[in-house]
Amino acid sequence: MEKIVNLAKRRGFAFQSSEIYGGLASCWDYGPIGVELKRNVKEAWWRDMVTRRADIVGIDCSILMHPRVWEASGHVAGFTDPLVDCKLCKERFRADKLMDAQCPRKPSKHPGECEGELTEARQFNLMFKTFMGPVEDTASVVFLRPETAQGIFVNFLNVLHTSRQKIPFGIAQIGKSFRNEITPGNFLFRTREFEQMEMEFFVRPGEDERWYEYWREERLNWYTRYGIRRENLRLREHAPEELAHYAKACVDVEYHFPFGWSELEGIANRTDFDLRRHAEYSGKDLSYYDEETKERFYPYVIEPAAGADRATLAFLVDAYDEDVADGEPRVVLRFHPRIAPVKVAVFPLLRKEGHPERALEIVDILRQHFTVQYDQSGSIGRRYRRQDEIGTPFGVTVDHQTLQDNTVTLRDRDTMRQERISVERLVEELKRRIEI
Ligand code: GAP
C-alpha cells in the first residue's frame, strides 16, 4: 500500500487535500493522471449501466436536499456508528472496529488494551450538517447527502412520467456523498468526501429475488471485464444481523486490498422501504400503476451501490506490478486500455533531424481521439519506463524511417513487442486495441 501511495503522489494520481497547510485528514485531490483514471472508471460504469441499456436512465440530483428526506430515509435516527473516547490520549474510535485500530501512543496495541481507559460507547451520527441561508438556527439545518440513492427515490415519479419507462427499470446516478467517518483511512478507501455510483432498479414485488441474483453476477463481472483479477474478488453475503434497516438481503463485492478483503460495492434488496417511507413523510402517492395488469403496487428496489474512489483504488492496486524489462527492474501498471489514464505516448527517437517536429504532428492527430503524452527527454528506455509507471498501454516512436515511409513503431506495454505501422492506420489500430 505504501508503494502505491508513494507512486500515486509522485506521478500525479492523488495528493493530500490542502497539503501546503499540513493536509486535511481523509480528503484527497486527484492529480492530472488520477483524474483521468477516475473519469475512465466512472465512464465505464455509466456506459455499461446507462448508455448501453434500454432499461436504465440517468439522473444528477443536488447534494443538499429537504431535511425531511433524511428523516424519512432513517438517516437522522439511525445513520450512526458507535463511538468511544480514550480518556488518556483523547482519541476517538469506532467501538465495533477496535481490533482494526491502533493505540496512538502504543501502536503495537489496540485501543483499550493499553493504559488508556475507554468511555462507554455512544451513537455518533455520520451526517455532515450545515445551514441553508443567512440564519444559523435549527430551522435552517440541512445535511450533505450521505448517499446518492435518496435523490433517486424522491424523483421516482418525475423520472417515471418523463422517461416513459415501465417496470422493471432503473435510475442511475454518479455523485459526491459525505460521511463524517469516525476512522477514515487506507488512502482513498474510506474518506469523508467521496463519490458514489449507485443505481436503483425498480421491480415488481415477487420478482425481486431473481433481479437480486442478476445484479450480483452482473456487478461482479463488471470488475473483471475491466481487468480486475477474479481471484482478487469475492462475494460476501450479509448475515441477517448485519443487514441495514431497509434491506431484505445484501451482498458485498469485496476486493483483496493490501490491507485485507474489504467492500468495494454493496448490492442490496431494499424492498419497498424507501418509496413507502417517502410516500408517508411527503403525503404523495409514490405507487406504480401497471397499465397492462391494471394493478397498483409499490415496487421493490435492487440497488447496486459502488464507490468511484474505492473502485479507482482497486483498479490501481490490481494493476500494480514489478518486473524486469531490458535487464532493468520496472514498475508497471497493467491497466485495461479502457481504464488507463493515458492511452498513448509519443516519442521522437532523437531530439534533432526533424524527429520532434514529426512526432508533434502525430500528437496533434492522436489528441483528437485519445489522451496523449509527448516525451522527448532522456533515453528511449527511460521514457518507456515513465509511461509504464502510469500504465500507458501504447507507445509510438518516431525515427529515421518515419521521415522516409511515414511509419512509426508501436510498442505494447505488456508484451513490450514493437511493430511498424503506418501513421494513416494509427488511430484506427489504437481504437481497435483500446475498445476491447
Ligand atoms: N445507498 C447505499 C449505500 O450508500 P454503502 O455500502 O454505505 O451503501 C456504497 O455505500 C458504496 O459507497 C460502498 O460500497 C463504497 O464503495 C462507497 N463508500 C461508502 N462509504 C465510503 C467512504 N467513507 N469512503 C469511500 N467510499 C465509500
# chains A, B, ... in the order shown; residues from 1 in each chain; ligands from 1
>>> residues_around(residues="Gly34 of chain A", least_positions_apart="2", cutoff="8 Å", atoms="only C-alpha atoms", output="PyMOL selection string")
chain A and resi 8+12-14+30-32+36-38+341
>>> closest_atom_pairs(of="chain A", to="ligand 1", cutoff="9 Å", atoms="only C-alpha atoms and all ligand atoms", output="tab-separated table")
residue	atom	partner	partner_atom_place_in_ligand_line	distance
A:Ser26	CA	ligand 1	24 (N)	8.8
A:Pro146	CA	ligand 1	4 (O)	7.1
A:Glu147	CA	ligand 1	4 (O)	4.7
A:Thr148	CA	ligand 1	1 (N)	6.5
A:Ala149	CA	ligand 1	1 (N)	5.0
A:Gln150	CA	ligand 1	1 (N)	7.7
A:Ser177	CA	ligand 1	21 (C)	8.1
A:Phe178	CA	ligand 1	23 (N)	7.4
A:Arg179	CA	ligand 1	23 (N)	6.0
A:Asn180	CA	ligand 1	23 (N)	7.9
A:Glu181	CA	ligand 1	23 (N)	6.2
A:Pro184	CA	ligand 1	23 (N)	6.7
A:Gly185	CA	ligand 1	24 (N)	8.6
A:Leu188	CA	ligand 1	25 (C)	6.5
A:Phe189	CA	ligand 1	25 (C)	5.1
A:Arg190	CA	ligand 1	24 (N)	3.5
A:Thr191	CA	ligand 1	24 (N)	4.0
A:Arg192	CA	ligand 1	23 (N)	5.3
A:Glu193	CA	ligand 1	24 (N)	6.7
A:Phe194	CA	ligand 1	25 (C)	5.1
A:Glu195	CA	ligand 1	26 (N)	6.8
A:Gln196	CA	ligand 1	12 (O)	5.3
A:Met197	CA	ligand 1	12 (O)	7.5
A:Glu198	CA	ligand 1	1 (N)	6.8
A:Met199	CA	ligand 1	1 (N)	8.6
A:Glu200	CA	ligand 1	1 (N)	8.8
A:Asp252	CA	ligand 1	14 (O)	7.3
A:Val253	CA	ligand 1	14 (O)	7.9
A:Glu254	CA	ligand 1	14 (O)	8.8
A:Glu263	CA	ligand 1	14 (O)	5.5
A:Leu264	CA	ligand 1	16 (O)	4.6
A:Glu265	CA	ligand 1	14 (O)	3.5
A:Gly266	CA	ligand 1	14 (O)	4.9
A:Ile267	CA	ligand 1	6 (O)	8.2
A:Ala268	CA	ligand 1	2 (C)	7.8
A:Glu303	CA	ligand 1	1 (N)	7.2
A:Pro304	CA	ligand 1	2 (C)	7.9
A:Ala305	CA	ligand 1	9 (C)	4.5
A:Ala306	CA	ligand 1	11 (C)	4.3
A:Gly307	CA	ligand 1	16 (O)	3.2
A:Ala308	CA	ligand 1	16 (O)	6.7
A:Asp309	CA	ligand 1	25 (C)	6.0
A:Arg310	CA	ligand 1	16 (O)	5.3
A:Ala311	CA	ligand 1	16 (O)	6.9
>>> write_last_selection(atoms="C-alpha atoms", output="CSV table (one decimal), in the first residue's frame")
chain,number,residue,atom,x,y,z
A,26,SER,CA,-9.2,11.8,5.0
A,146,PRO,CA,-24.6,10.6,2.9
A,147,GLU,CA,-25.7,8.6,-0.2
A,148,THR,CA,-26.9,9.5,-3.7
A,149,ALA,CA,-29.7,6.9,-3.5
A,150,GLN,CA,-32.3,9.2,-1.8
A,177,SER,CA,-21.5,11.9,-0.9
A,178,PHE,CA,-20.3,12.9,2.6
A,179,ARG,CA,-19.9,10.9,5.8
A,180,ASN,CA,-18.2,12.1,8.9
A,181,GLU,CA,-16.5,8.8,9.4
A,184,PRO,CA,-11.3,7.2,7.9
A,185,GLY,CA,-8.1,5.7,6.3
A,188,LEU,CA,-8.8,6.5,-1.0
A,189,PHE,CA,-10.6,3.6,0.7
A,190,ARG,CA,-12.5,5.4,3.5
A,191,THR,CA,-12.7,9.1,3.2
A,192,ARG,CA,-15.2,11.7,4.5
A,193,GLU,CA,-16.0,13.1,1.0
A,194,PHE,CA,-16.3,10.5,-1.8
A,195,GLU,CA,-18.1,9.7,-5.0
A,196,GLN,CA,-20.7,7.0,-5.4
A,197,MET,CA,-22.0,5.2,-8.5
A,198,GLU,CA,-25.5,4.0,-7.5
A,199,MET,CA,-28.4,2.5,-9.4
A,200,GLU,CA,-31.9,1.8,-8.1
A,252,ASP,CA,-20.8,-7.1,-0.8
A,253,VAL,CA,-18.4,-7.4,-3.8
A,254,GLU,CA,-15.2,-7.5,-1.8
A,263,GLU,CA,-16.1,-3.9,0.5
A,264,LEU,CA,-15.9,-2.4,-3.0
A,265,GLU,CA,-19.6,-2.4,-3.7
A,266,GLY,CA,-22.9,-3.4,-2.0
A,267,ILE,CA,-25.9,-5.0,-3.8
A,268,ALA,CA,-29.0,-4.7,-1.6
A,303,GLU,CA,-29.6,-1.4,-5.5
A,304,PRO,CA,-26.0,-1.9,-6.8
A,305,ALA,CA,-24.1,0.8,-4.9
A,306,ALA,CA,-20.4,1.3,-5.7
A,307,GLY,CA,-17.8,3.8,-4.7
A,308,ALA,CA,-15.9,5.6,-7.5
A,309,ASP,CA,-12.9,6.2,-5.3
A,310,ARG,CA,-12.8,2.6,-4.0
A,311,ALA,CA,-13.1,1.3,-7.5
>>> closest_residue(among="A:Cys89, A:Val84, A:Val142, A:Val398", to="Leu118 of chain A", atoms="only C-alpha atoms")
A:Val84
>>> select_by_dssp(residues="segment 102-326 of chain A", states="strand (DSSP E)", output="count of residues only")
77
>>> residues_around(residues="Leu349 of chain A", least_positions_apart="5", cutoff="8 Å", atoms="only C-alpha atoms", output="number ranges by chain")
A: 355, 376, 380, 397-399
>>> closest_residue(among="A:Gly112, A:Leu144, A:Pro329, A:Leu366", to="Leu88 of chain A", atoms="only C-alpha atoms")
A:Gly112
>>> residues_around(residues="segment 43-53 of chain A", least_positions_apart="5", cutoff="8 Å", atoms="only C-alpha atoms", output="MDAnalysis selection string")
chainID A and resid 58 172 197 338:339
>>> residues_around(residues="segment 62-73 of chain A", least_positions_apart="6", cutoff="9 Å", atoms="only C-alpha atoms", output="list in words")
Val141, Val142, Phe143, Leu144, Arg145, Pro146, Thr148, Gln150, Gly151, Val154, Gly175, Lys176, Ser177, Tyr246, Phe273, Asp274, Arg277, His278, Ala279, Glu280, Tyr281 and Ser282 of chain A
>>> residues_around(residues="Leu360 of chain A", least_positions_apart="4", cutoff="8 Å", atoms="only C-alpha atoms", output="mmCIF file with C-alpha atoms, in the first residue's frame")
data_model
loop_
_atom_site.group_PDB
_atom_site.id
_atom_site.type_symbol
_atom_site.label_atom_id
_atom_site.label_comp_id
_atom_site.auth_asym_id
_atom_site.auth_seq_id
_atom_site.Cartn_x
_atom_site.Cartn_y
_atom_site.Cartn_z
ATOM 1 C CA PRO A 356 10.384 16.122 -32.683
ATOM 2 C CA ASP A 364 -1.938 16.550 -32.830
ATOM 3 C CA TYR A 374 4.605 13.636 -25.589
#
>>> residues_around(residues="Glu428 of chain A", least_positions_apart="6", cutoff="12 Å", atoms="only C-alpha atoms", output="list in words")
Ile365, Leu366, His369, Phe370, Ile421, Ser422, Ile434 and Glu435 of chain A
